[in-house]
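Coordinates from input14.cif are shown below (mmCIF, C-alpha atoms).
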data_run
#
loop_
_atom_site.label_atom_id
_atom_site.label_comp_id
_atom_site.auth_asym_id
_atom_site.auth_seq_id
_atom_site.Cartn_x
_atom_site.Cartn_y
_atom_site.Cartn_z
CA MET A 1 57.92 113.76 69.97
CA LEU A 2 58.45 110.19 71.15
CA PRO A 3 56.47 107.36 69.54
CA SER A 4 53.75 105.56 71.52
CA ARG A 5 54.75 103.37 74.45
CA ASN A 6 53.35 100.09 75.72
CA ALA A 7 51.70 100.86 79.05
CA SER A 8 50.43 97.32 79.66
CA GLY A 9 52.41 94.58 81.32
CA GLU A 10 52.69 92.54 84.49
CA CYS A 11 54.62 94.07 87.38
CA PHE A 12 57.42 92.04 88.96
CA LYS A 13 59.15 92.68 92.28
CA GLN A 14 62.55 91.40 93.34
CA GLN A 15 63.76 91.62 96.91
CA SER A 16 67.01 93.49 96.41
CA GLY A 17 67.82 94.90 99.86
CA ARG A 18 71.46 95.61 100.66
CA LEU A 19 72.74 92.57 98.74
CA ASN A 20 71.86 94.20 95.42
CA TRP A 21 71.78 97.75 96.73
CA HIS A 22 72.30 99.11 93.23
CA LEU A 23 68.90 97.76 92.18
CA SER A 24 67.24 99.05 95.35
CA ARG A 25 68.70 102.48 94.74
CA ILE A 26 67.72 102.99 91.12
CA SER A 27 64.15 101.82 91.81
CA SER A 28 63.46 104.48 94.44
CA ARG A 29 62.53 108.16 94.21
CA GLU A 30 63.51 108.65 97.86
CA LYS A 31 66.82 108.21 99.65
CA ILE A 32 66.97 104.79 101.25
CA LEU A 33 68.00 104.97 104.89
CA ASN A 34 67.72 101.27 105.62
CA TYR A 35 68.45 98.67 102.94
CA GLY A 36 66.34 96.02 104.65
CA ASP A 37 65.03 92.79 103.14
CA ARG A 38 61.73 94.44 102.19
CA VAL A 39 63.34 96.94 99.84
CA GLN A 40 62.53 95.88 96.29
CA TYR A 41 63.50 96.33 92.67
CA THR A 42 60.47 96.59 90.40
CA TYR A 43 59.96 96.27 86.65
CA SER A 44 57.33 95.24 84.14
CA SER A 45 57.05 92.56 81.48
CA SER A 46 56.51 95.46 79.05
CA ASP A 47 59.91 97.02 79.83
CA ASP A 48 62.27 94.19 80.81
CA GLY A 49 64.53 94.74 77.82
CA ALA A 50 63.11 91.89 75.72
CA ASP A 51 64.08 92.12 72.01
CA ILE A 52 66.75 94.72 72.76
CA ASP A 53 70.39 93.87 71.98
CA VAL A 54 73.08 95.21 74.31
CA TYR A 55 76.60 94.84 72.98
CA VAL A 56 79.16 94.58 75.78
CA MET A 57 82.59 95.67 74.51
CA ASP A 58 84.92 94.21 77.10
CA SER A 59 87.01 91.15 78.01
CA GLY A 60 84.35 88.72 76.84
CA ILE A 61 81.51 87.01 78.72
CA TYR A 62 81.28 83.68 80.56
CA LEU A 63 78.17 82.64 78.65
CA GLU A 64 77.47 79.60 80.82
CA HIS A 65 76.91 81.63 83.98
CA SER A 66 73.45 81.06 85.41
CA GLU A 67 72.79 84.82 85.53
CA PHE A 68 72.38 84.94 81.75
CA GLU A 69 69.76 82.18 81.33
CA GLY A 70 70.94 81.57 77.79
CA ARG A 71 70.35 85.21 76.75
CA ALA A 72 74.07 86.00 76.37
CA LYS A 73 75.59 85.16 72.97
CA TRP A 74 79.04 85.43 71.47
CA GLY A 75 79.52 88.18 68.93
CA MET A 76 83.16 88.59 67.95
CA THR A 77 86.74 88.51 69.22
CA ALA A 78 89.27 91.07 67.99
CA ASN A 79 91.82 89.57 65.61
CA SER A 80 94.82 90.47 67.78
CA ILE A 81 93.51 88.47 70.78
CA TYR A 82 94.93 84.97 70.52
CA GLU A 83 93.45 83.40 73.65
CA GLY A 84 90.17 82.73 71.87
CA ASN A 85 86.60 83.30 72.97
CA GLY A 86 85.43 83.33 76.59
CA ASP A 87 86.24 85.65 79.48
CA LEU A 88 89.54 84.89 81.22
CA ASN A 89 89.60 88.21 83.05
CA GLY A 90 86.14 88.49 84.64
CA HIS A 91 85.52 92.17 83.99
CA GLY A 92 83.26 91.64 80.99
CA THR A 93 81.17 88.96 82.69
CA HIS A 94 80.57 91.18 85.73
CA VAL A 95 79.63 94.12 83.52
CA ALA A 96 77.26 92.02 81.40
CA SER A 97 75.50 90.65 84.48
CA LEU A 98 74.69 94.19 85.61
CA VAL A 99 73.13 94.97 82.25
CA GLY A 100 70.83 91.97 82.22
CA GLY A 101 71.53 89.26 84.80
CA LYS A 102 68.49 87.51 86.28
CA THR A 103 69.28 88.59 89.87
CA ASN A 104 72.00 91.26 89.62
CA GLY A 105 70.91 92.88 86.37
CA VAL A 106 68.66 95.76 85.41
CA ALA A 107 67.07 94.54 82.15
CA LYS A 108 66.15 90.94 82.88
CA GLY A 109 64.90 90.05 79.41
CA VAL A 110 67.59 91.71 77.32
CA ASN A 111 69.82 89.99 74.74
CA ILE A 112 73.51 90.38 75.63
CA ILE A 113 76.19 90.10 72.95
CA ALA A 114 79.88 89.68 73.77
CA VAL A 115 82.31 91.83 71.81
CA LYS A 116 85.78 90.88 73.06
CA VAL A 117 88.29 93.69 72.63
CA PHE A 118 90.44 93.10 75.74
CA ASP A 119 92.51 90.05 76.65
CA MET A 120 92.89 88.17 79.93
CA SER A 121 95.21 90.85 81.31
CA GLY A 122 92.75 93.61 80.49
CA GLN A 123 94.90 94.91 77.65
CA GLY A 124 93.44 96.16 74.38
CA SER A 125 94.24 98.60 71.61
CA ALA A 126 92.44 101.31 69.70
CA VAL A 127 92.58 98.96 66.70
CA ASN A 128 90.60 96.38 68.71
CA ILE A 129 88.01 99.00 69.63
CA ILE A 130 87.58 100.18 66.05
CA GLU A 131 87.27 96.58 64.90
CA GLY A 132 84.61 95.96 67.54
CA ILE A 133 82.63 99.07 66.64
CA ALA A 134 82.72 98.17 62.95
CA TRP A 135 81.44 94.65 63.71
CA ILE A 136 78.62 96.02 65.88
CA ALA A 137 77.56 98.47 63.16
CA GLN A 138 77.43 95.66 60.61
CA ASP A 139 75.54 93.32 62.96
CA VAL A 140 72.99 95.98 63.86
CA GLU A 141 72.45 96.84 60.21
CA SER A 142 71.96 93.20 59.23
CA LYS A 143 69.27 92.80 61.89
CA ARG A 144 67.46 95.93 60.74
CA LYS A 145 67.07 95.02 57.10
CA GLY A 146 63.46 95.56 56.22
CA ARG A 147 62.83 97.13 59.64
CA LYS A 148 63.14 100.70 60.91
CA LYS A 149 63.48 99.80 64.56
CA ARG A 150 66.34 101.15 66.64
CA ARG A 151 66.83 98.45 69.20
CA ALA A 152 70.51 98.40 70.21
CA VAL A 153 72.67 99.75 73.02
CA VAL A 154 76.45 99.51 73.37
CA ASN A 155 78.22 99.47 76.74
CA MET A 156 81.87 100.57 76.92
CA SER A 157 83.32 100.25 80.42
CA PHE A 158 86.74 101.58 79.47
CA GLY A 159 88.45 104.68 78.17
CA PHE A 160 91.66 106.22 76.86
CA THR A 161 93.54 108.95 78.70
CA ARG A 162 94.21 110.67 75.38
CA ALA A 163 92.10 111.63 72.41
CA VAL A 164 91.71 108.86 69.84
CA ASN A 165 89.99 110.60 66.97
CA VAL A 166 89.47 107.49 64.88
CA VAL A 167 87.57 105.81 67.76
CA GLU A 168 85.43 108.88 68.30
CA GLY A 169 84.75 109.09 64.59
CA ALA A 170 83.63 105.46 64.46
CA LEU A 171 81.34 106.00 67.45
CA THR A 172 79.86 109.12 65.88
CA GLU A 173 78.85 107.08 62.83
CA LEU A 174 77.44 104.27 64.98
CA ILE A 175 75.32 106.68 66.99
CA ALA A 176 74.17 108.49 63.85
CA GLY A 177 72.90 105.13 62.65
CA GLY A 178 70.61 104.86 65.69
CA THR A 179 72.60 102.91 68.30
CA SER A 180 72.85 104.35 71.82
CA VAL A 181 76.30 104.21 73.43
CA VAL A 182 76.88 104.25 77.20
CA VAL A 183 80.43 104.70 78.52
CA ALA A 184 82.21 104.75 81.86
CA ALA A 185 83.51 108.14 83.02
CA GLY A 186 86.75 106.59 84.33
CA ASN A 187 88.29 105.90 87.72
CA SER A 188 91.13 108.41 88.08
CA PHE A 189 89.24 111.15 89.96
CA VAL A 190 89.94 113.65 87.19
CA SER A 191 87.68 115.46 84.77
CA ALA A 192 85.89 113.05 82.45
CA CYS A 193 86.49 115.64 79.72
CA ARG A 194 90.08 114.32 79.63
CA ILE A 195 88.94 110.80 78.76
CA CYS A 196 88.05 109.31 75.37
CA PRO A 197 85.27 108.53 74.56
CA ALA A 198 83.71 109.85 77.80
CA ARG A 199 84.28 113.42 76.63
CA MET A 200 81.95 112.98 73.63
CA ALA A 201 78.60 114.76 73.91
CA SER A 202 76.77 112.10 71.89
CA VAL A 203 77.61 109.22 74.24
CA THR A 204 76.04 108.88 77.68
CA THR A 205 78.90 109.19 80.17
CA VAL A 206 78.35 107.66 83.59
CA GLY A 207 79.98 108.47 86.93
CA ALA A 208 79.77 106.26 90.04
CA SER A 209 77.99 106.78 93.35
CA THR A 210 78.23 104.99 96.71
CA ILE A 211 75.60 103.48 98.98
CA TYR A 212 76.05 106.62 101.12
CA SER A 213 74.74 108.87 98.35
CA THR A 214 78.11 110.42 97.52
CA LEU A 215 80.25 110.46 94.42
CA ALA A 216 82.63 107.48 94.63
CA TRP A 217 86.15 108.50 95.63
CA PHE A 218 87.58 107.11 92.38
CA SER A 219 84.96 108.40 89.94
CA ASN A 220 85.86 110.91 87.28
CA TYR A 221 83.69 114.00 87.41
CA GLY A 222 82.79 117.27 85.74
CA SER A 223 80.59 118.62 82.99
CA CYS A 224 81.27 115.72 80.61
CA VAL A 225 79.51 113.33 83.00
CA ASP A 226 75.87 113.03 81.93
CA ILE A 227 74.47 110.89 84.72
CA ILE A 228 75.54 108.91 87.78
CA ALA A 229 74.75 105.34 88.85
CA PRO A 230 75.76 103.02 91.71
CA GLY A 231 79.34 101.85 91.22
CA ASP A 232 80.83 100.95 94.61
CA GLU A 233 80.90 97.33 95.85
CA ILE A 234 78.42 96.10 93.27
CA LEU A 235 77.49 92.40 93.23
CA GLY A 236 77.65 90.65 89.88
CA ALA A 237 78.65 87.45 88.10
CA GLY A 238 82.13 85.93 88.39
CA ILE A 239 83.93 83.47 86.13
CA GLU A 240 85.03 80.74 88.55
CA LYS A 241 81.80 78.71 88.36
CA PRO A 242 78.32 79.13 86.82
CA ASP A 243 76.96 80.49 90.10
CA THR A 244 79.96 82.55 91.27
CA ARG A 245 79.24 86.12 92.29
CA VAL A 246 81.76 88.80 93.19
CA ARG A 247 81.74 92.46 94.19
CA GLN A 248 83.56 95.01 92.09
CA SER A 249 83.81 98.79 92.14
CA GLY A 250 84.25 101.33 89.38
CA THR A 251 82.47 103.44 86.83
CA SER A 252 82.75 100.21 84.85
CA MET A 253 79.93 98.95 87.08
CA ALA A 254 77.91 102.16 86.89
CA ALA A 255 77.80 102.29 83.07
CA PRO A 256 76.07 98.91 82.52
CA ILE A 257 73.40 99.84 85.04
CA VAL A 258 72.54 102.85 82.87
CA ALA A 259 72.81 100.70 79.73
CA GLY A 260 70.27 98.35 81.30
CA VAL A 261 67.86 101.21 82.00
CA ALA A 262 68.32 102.42 78.42
CA ALA A 263 67.42 98.94 77.17
CA ARG A 264 64.34 98.86 79.38
CA PHE A 265 63.29 102.25 78.07
CA LEU A 266 63.64 101.11 74.45
CA SER A 267 61.68 97.93 75.12
CA SER A 268 58.75 99.91 76.52
CA PHE A 269 57.72 101.18 73.08
CA GLU A 270 55.12 99.72 70.78
CA ASP A 271 56.16 97.91 67.62
CA ASP A 272 56.23 101.19 65.71
CA GLU A 273 57.80 102.57 62.58
CA ARG A 274 60.07 104.83 64.62
CA TRP A 275 62.05 104.20 67.78
CA PRO A 276 63.69 106.77 70.07
CA THR A 277 66.97 108.12 68.75
CA PRO A 278 70.14 107.93 70.87
CA ALA A 279 69.73 111.63 71.68
CA GLU A 280 66.16 111.00 72.86
CA VAL A 281 67.31 108.06 74.99
CA GLN A 282 70.00 110.21 76.59
CA THR A 283 67.56 113.04 77.25
CA TYR A 284 65.09 110.64 78.83
CA LEU A 285 67.70 109.14 81.14
CA ILE A 286 68.80 112.57 82.36
CA ASP A 287 65.37 114.19 82.63
CA HIS A 288 63.83 111.10 84.27
CA GLY A 289 66.73 110.62 86.72
CA ASN A 290 66.73 111.53 90.39
CA GLN A 291 67.71 115.18 90.52
CA ASN A 292 69.92 116.60 93.30
CA PHE A 293 70.00 113.19 94.94
CA LEU A 294 73.69 113.07 95.83
CA ASP A 295 76.35 114.92 97.78
CA LEU A 296 78.81 115.77 95.03
CA SER A 297 80.98 118.15 97.07
CA ASN A 298 81.00 120.90 94.44
CA SER A 299 82.67 118.66 91.85
CA GLY A 300 80.96 120.45 88.96
CA THR A 301 79.22 117.19 88.06
CA PRO A 302 75.53 117.21 87.06
CA ASN A 303 73.62 115.98 90.12
CA VAL A 304 71.49 113.33 88.41
CA GLU A 305 71.35 109.66 89.39
CA VAL A 306 69.69 107.13 87.10
CA TYR A 307 66.14 106.02 87.92
CA SER A 308 64.69 102.80 86.54
CA GLY A 309 60.98 103.54 86.99
CA ILE A 310 59.51 103.31 83.51
CA SER A 311 56.20 101.43 83.64
CA GLY A 312 54.74 102.83 86.85
CA CYS A 313 55.21 99.57 88.75
CA GLU A 314 57.28 101.49 91.30
CA ASP A 315 54.11 103.34 92.32
CA GLU A 316 52.67 100.04 93.53
CA SER A 317 55.60 99.26 95.85
CA GLU A 318 54.59 97.88 99.22
CA ASN A 319 57.48 99.77 100.75
CA GLY A 320 56.04 103.24 100.18
CA VAL A 321 58.96 105.63 99.82
CA LEU A 322 61.39 102.79 100.53
CA CYS A 323 63.08 104.68 103.35
CA LEU A 324 62.54 102.35 106.29
CA ALA A 325 61.11 98.87 106.50
CA ALA A 326 57.76 98.96 108.32
CA PRO A 327 58.07 97.79 111.97
CA SER A 328 56.18 94.71 113.07
CA LEU A 329 53.65 94.68 115.93
CA VAL A 330 56.20 92.92 118.15
CA GLN A 331 58.78 95.63 117.43
CA LEU A 332 56.28 98.35 118.32
CA LEU A 333 55.44 96.62 121.61
CA LEU A 334 59.12 96.37 122.47
CA VAL A 335 59.54 100.09 121.84
CA VAL A 336 56.58 100.84 124.13
CA LEU A 337 58.03 98.66 126.91
CA VAL A 338 61.38 100.41 126.63
CA LEU A 339 59.72 103.83 126.85
CA VAL A 340 57.70 102.73 129.91
CA LYS A 341 60.89 101.60 131.65
CA LEU A 342 62.61 104.89 130.83
CA LEU A 343 59.73 106.85 132.33
CA LYS A 344 59.84 104.92 135.63
#
If you took the structure in this file and wrote it as C-alpha cells, what would it be?
Amino acid sequence: MLPSRNASGECFKQQSGRLNWHLSRISSREKILNYGDRVQYTYSSSDDGADIDVYVMDSGIYLEHSEFEGRAKWGMTANSIYEGNGDLNGHGTHVASLVGGKTNGVAKGVNIIAVKVFDMSGQGSAVNIIEGIAWIAQDVESKRKGRKKRRAVVNMSFGFTRAVNVVEGALTELIAGGTSVVVAAGNSFVSACRICPARMASVTTVGASTIYSTLAWFSNYGSCVDIIAPGDEILGAGIEKPDTRVRQSGTSMAAPIVAGVAARFLSSFEDDERWPTPAEVQTYLIDHGNQNFLDLSNSGTPNVEVYSGISGCEDESENGVLCLAAPSLVQLLLVVLVLVKLLK
C-alpha cells in the first residue's frame, strides 16, 4: 500500500498547444483533434517535482540555459572524457529540458543533475556508464543519511545493442536501493528486448509516439516496452544560446517525459517515513497511463501512453476534454451565414 499523498496545492495551467504538443498530450485523457492555443498543460504546486533529484546520464547539460532557472547542477564527468564539463553535443541539454524545463519540461520544480558519460560526438563506453551509475548511487546515499526518503530518478536516453551484464548488474543494485530508472527503448525499429538496458524488467522502458497517435516509425517496440510517450518533433532547449530551442525526435525524448512524470508522482507524497519503491512508481505509471490510446499496428507493444494527471488539476481544465477549442460567437455566426447561403 502506498504512503499518504499531499492532496493540497495550487493548480497551474500552461498554454501548451501545438508548440509543446507533448505537454498537451500527456495532460489529456482524450485524443486531441486540434492542438489550438487553448489546449493546456496542468500541474499543481504539490506535484511539480520539488525536492526530487533527476540524474540525467547523457552528454552533459548547458546549465546556463534559461529553461533550468538555476535548478540544473553539475554532478560528474566520466574520467575518460577529456573535453571537460558542459554539453558540447546538445543531446543531454534537450533531454534535461524535457524532464524539468520551465516551458518545455514536465516537472517544473525538479532538481536536475548532469552526469556526463558521453562526449561531444555522442560517444561513450560501458566503463563510463558504470562509473556514472556508481557516482549516482553514492550521491543518492549521501543525501539520504538520516532519512528514509526515496527521492531520486535516473534518466538514460541511450542503449547498447548487446547485453552488457556489468551495466545491468549495477542498475539492479541502484534500483534495489530505491532509485527509479527510466530508459529509452531505442530508435532502430526492432524489439526493445534486444537492447540493454531497455530489456530489463526493473527499469521503465519508454517507446515513442507521434502527434498523430501512432508509434513513431523509428521507435523500438515489443513486450519489453513498458510505456509510451511523445517522441517525435519535440521542442526543447538547445546549446547555442541561453534561450535557444530546437526540435528533436527519438525515444531519447520520450524517456525524459516519463522521468518527469515519475518525479512529479514522487513529489506528491507527504514527508513520510516511506516513499514509493521503483516497482511502485513503475506500476503507477503504467496503471495510470492512457490505455489503448494509440494505433500500434499490431507491434506487440503494450498500448499505454503516459498521463501526467496526478493532483486532479486536470479535472478543472477550461478545455473540457481538450478535443476542440470552443468556437467564439463570431465563428458561430459565420457558420450560420454559410449554411443560410448554402440553403438558398
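Near Val115 (chain A), within 7 Å and counting all atoms listed in the file, sit Tyr55, Val56, Met57, Asp58, Gly60, Gly75, Met76, Thr77 and Gly132 of chain A, not including residues fewer than 3 positions from it in the same chain.
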Applied to the shown file, which residues does the PyMOL selection byres ((chain A and resi 207-217) around 10) return, written as a short mmCIF file (atom, residue, chain, number, x, y, z; two decimals) with C-alpha atoms, in the coordinates of the input?
data_model
loop_
_atom_site.label_atom_id
_atom_site.label_comp_id
_atom_site.auth_asym_id
_atom_site.auth_seq_id
_atom_site.Cartn_x
_atom_site.Cartn_y
_atom_site.Cartn_z
CA ARG A 18 71.46 95.61 100.66
CA TRP A 21 71.78 97.75 96.73
CA HIS A 22 72.30 99.11 93.23
CA ARG A 25 68.70 102.48 94.74
CA LYS A 31 66.82 108.21 99.65
CA ILE A 32 66.97 104.79 101.25
CA LEU A 33 68.00 104.97 104.89
CA TYR A 35 68.45 98.67 102.94
CA VAL A 183 80.43 104.70 78.52
CA ALA A 184 82.21 104.75 81.86
CA ALA A 185 83.51 108.14 83.02
CA GLY A 186 86.75 106.59 84.33
CA ASN A 187 88.29 105.90 87.72
CA SER A 188 91.13 108.41 88.08
CA PHE A 189 89.24 111.15 89.96
CA ALA A 192 85.89 113.05 82.45
CA ALA A 198 83.71 109.85 77.80
CA THR A 205 78.90 109.19 80.17
CA VAL A 206 78.35 107.66 83.59
CA PHE A 218 87.58 107.11 92.38
CA SER A 219 84.96 108.40 89.94
CA ASN A 220 85.86 110.91 87.28
CA TYR A 221 83.69 114.00 87.41
CA GLY A 222 82.79 117.27 85.74
CA CYS A 224 81.27 115.72 80.61
CA VAL A 225 79.51 113.33 83.00
CA ASP A 226 75.87 113.03 81.93
CA ILE A 227 74.47 110.89 84.72
CA ILE A 228 75.54 108.91 87.78
CA ALA A 229 74.75 105.34 88.85
CA PRO A 230 75.76 103.02 91.71
CA GLY A 231 79.34 101.85 91.22
CA ASP A 232 80.83 100.95 94.61
CA GLU A 233 80.90 97.33 95.85
CA ILE A 234 78.42 96.10 93.27
CA SER A 249 83.81 98.79 92.14
CA GLY A 250 84.25 101.33 89.38
CA THR A 251 82.47 103.44 86.83
CA SER A 252 82.75 100.21 84.85
CA MET A 253 79.93 98.95 87.08
CA ALA A 254 77.91 102.16 86.89
CA ALA A 255 77.80 102.29 83.07
CA PHE A 293 70.00 113.19 94.94
CA LEU A 294 73.69 113.07 95.83
CA ASP A 295 76.35 114.92 97.78
CA LEU A 296 78.81 115.77 95.03
CA SER A 297 80.98 118.15 97.07
CA SER A 299 82.67 118.66 91.85
CA THR A 301 79.22 117.19 88.06
CA PRO A 302 75.53 117.21 87.06
CA ASN A 303 73.62 115.98 90.12
CA VAL A 304 71.49 113.33 88.41
CA GLU A 305 71.35 109.66 89.39
#
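One distance worth recording is that between CA of Phe12 (chain A) and CA of Tyr307 (chain A), which is 16.5 Å.
Here the PyMOL selection byres ((chain A and resi 170-174) around 9) matches the residues Ile130, Ile133, Ala134, Ile136, Ala137, Asn165, Val166, Val167, Glu168, Gly169, Ile175, Ala176, Gly177, Gly178, Thr179, Ser180, Val181, Pro197, Met200, Ser202 and Val203 of chain A.
Here CA of Thr204 (chain A) is placed at a distance of 22.7 Å from CA of Leu235 (chain A).
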Need the shell around Ala152 (chain A): protein/DNA/RNA residues with any atom at most 6 Å away, counting all atoms listed in the file. Skip same-chain ones fewer than 5 positions apart. Format as a ChimeraX atom specification?
/A:52-54,179
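Here CA of Ile113 (chain A) and CA of Trp74 (chain A) stand 5.7 Å from one another.
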Where does the PyMOL selection byres ((chain A and resi 63) around 8) land in this file, that is, which residues does it pick, as number ranges by chain?
A: 61-62, 64-65, 68, 70, 72-74, 86
Put a box with edges along x, y and z around all the listed atoms of region 138-142 of chain A, pad it by 3 Å on each side, then give me its centre and sizes in Å, one decimal, as JSON.
{"center_x": 74.7, "center_y": 95.0, "center_z": 61.5, "size_x": 11.5, "size_y": 9.6, "size_z": 10.6}
Please, could all heavy atoms be added to region 36-45 of chain A and the result written as an mmCIF file, in the coordinates of the input?
data_model
loop_
_atom_site.group_PDB
_atom_site.id
_atom_site.type_symbol
_atom_site.label_atom_id
_atom_site.label_comp_id
_atom_site.auth_asym_id
_atom_site.auth_seq_id
_atom_site.Cartn_x
_atom_site.Cartn_y
_atom_site.Cartn_z
ATOM 1 N N GLY A 36 66.839 97.251 104.061
ATOM 2 C CA GLY A 36 66.340 96.020 104.650
ATOM 3 C C GLY A 36 65.847 95.049 103.594
ATOM 4 O O GLY A 36 65.796 95.349 102.397
ATOM 5 N N ASP A 37 65.450 93.848 104.056
ATOM 6 C CA ASP A 37 65.030 92.790 103.140
ATOM 7 C C ASP A 37 63.779 93.156 102.359
ATOM 8 O O ASP A 37 63.512 92.586 101.310
ATOM 9 C CB ASP A 37 64.788 91.496 103.925
ATOM 10 C CG ASP A 37 66.086 90.908 104.469
ATOM 11 O OD1 ASP A 37 67.142 91.248 103.914
ATOM 12 O OD2 ASP A 37 66.027 90.128 105.431
ATOM 13 N N ARG A 38 62.983 94.099 102.865
ATOM 14 C CA ARG A 38 61.730 94.440 102.190
ATOM 15 C C ARG A 38 61.919 95.431 101.048
ATOM 16 O O ARG A 38 60.996 95.670 100.282
ATOM 17 C CB ARG A 38 60.731 95.020 103.205
ATOM 18 C CG ARG A 38 60.194 93.995 104.190
ATOM 19 C CD ARG A 38 59.042 94.586 104.973
ATOM 20 N NE ARG A 38 57.953 94.974 104.087
ATOM 21 C CZ ARG A 38 57.046 95.908 104.394
ATOM 22 N NH1 ARG A 38 57.131 96.566 105.543
ATOM 23 N NH2 ARG A 38 56.068 96.192 103.558
ATOM 24 N N VAL A 39 63.094 96.003 100.934
ATOM 25 C CA VAL A 39 63.340 96.940 99.840
ATOM 26 C C VAL A 39 63.403 96.155 98.530
ATOM 27 O O VAL A 39 64.067 95.126 98.428
ATOM 28 C CB VAL A 39 64.648 97.714 100.066
ATOM 29 C CG1 VAL A 39 64.913 98.664 98.908
ATOM 30 C CG2 VAL A 39 64.574 98.485 101.364
ATOM 31 N N GLN A 40 62.715 96.647 97.510
ATOM 32 C CA GLN A 40 62.530 95.880 96.290
ATOM 33 C C GLN A 40 62.974 96.629 95.035
ATOM 34 O O GLN A 40 63.020 97.853 95.010
ATOM 35 C CB GLN A 40 61.042 95.513 96.130
ATOM 36 C CG GLN A 40 60.487 94.658 97.250
ATOM 37 C CD GLN A 40 58.987 94.484 97.134
ATOM 38 O OE1 GLN A 40 58.278 95.378 96.677
ATOM 39 N NE2 GLN A 40 58.488 93.320 97.550
ATOM 40 N N TYR A 41 63.286 95.821 94.019
ATOM 41 C CA TYR A 41 63.500 96.330 92.670
ATOM 42 C C TYR A 41 62.290 95.929 91.848
ATOM 43 O O TYR A 41 61.869 94.769 91.871
ATOM 44 C CB TYR A 41 64.765 95.732 92.064
ATOM 45 C CG TYR A 41 64.994 96.100 90.616
ATOM 46 C CD1 TYR A 41 65.233 97.419 90.244
ATOM 47 C CD2 TYR A 41 64.981 95.127 89.615
ATOM 48 C CE1 TYR A 41 65.450 97.763 88.925
ATOM 49 C CE2 TYR A 41 65.201 95.461 88.289
ATOM 50 C CZ TYR A 41 65.437 96.788 87.951
ATOM 51 O OH TYR A 41 65.646 97.134 86.635
ATOM 52 N N THR A 42 61.696 96.870 91.140
ATOM 53 C CA THR A 42 60.470 96.590 90.400
ATOM 54 C C THR A 42 60.650 96.869 88.910
ATOM 55 O O THR A 42 61.405 97.756 88.509
ATOM 56 C CB THR A 42 59.297 97.433 90.933
ATOM 57 O OG1 THR A 42 59.660 98.822 90.876
ATOM 58 C CG2 THR A 42 58.974 97.074 92.370
ATOM 59 N N TYR A 43 59.949 96.087 88.105
ATOM 60 C CA TYR A 43 59.960 96.270 86.650
ATOM 61 C C TYR A 43 58.728 95.595 86.080
ATOM 62 O O TYR A 43 57.964 94.934 86.805
ATOM 63 C CB TYR A 43 61.244 95.670 86.043
ATOM 64 C CG TYR A 43 61.404 94.187 86.259
ATOM 65 C CD1 TYR A 43 61.049 93.271 85.278
ATOM 66 C CD2 TYR A 43 61.913 93.693 87.465
ATOM 67 C CE1 TYR A 43 61.183 91.905 85.476
ATOM 68 C CE2 TYR A 43 62.058 92.329 87.669
ATOM 69 C CZ TYR A 43 61.695 91.446 86.667
ATOM 70 O OH TYR A 43 61.835 90.090 86.879
ATOM 71 N N SER A 44 58.516 95.773 84.797
ATOM 72 C CA SER A 44 57.330 95.240 84.140
ATOM 73 C C SER A 44 57.714 94.342 82.981
ATOM 74 O O SER A 44 58.797 94.497 82.391
ATOM 75 C CB SER A 44 56.453 96.401 83.623
ATOM 76 O OG SER A 44 55.439 95.934 82.761
ATOM 77 N N SER A 45 56.817 93.419 82.641
ATOM 78 C CA SER A 45 57.050 92.560 81.480
ATOM 79 C C SER A 45 57.057 93.372 80.189
ATOM 80 O O SER A 45 57.558 92.905 79.158
ATOM 81 C CB SER A 45 55.975 91.478 81.405
ATOM 82 O OG SER A 45 54.677 92.057 81.341
#
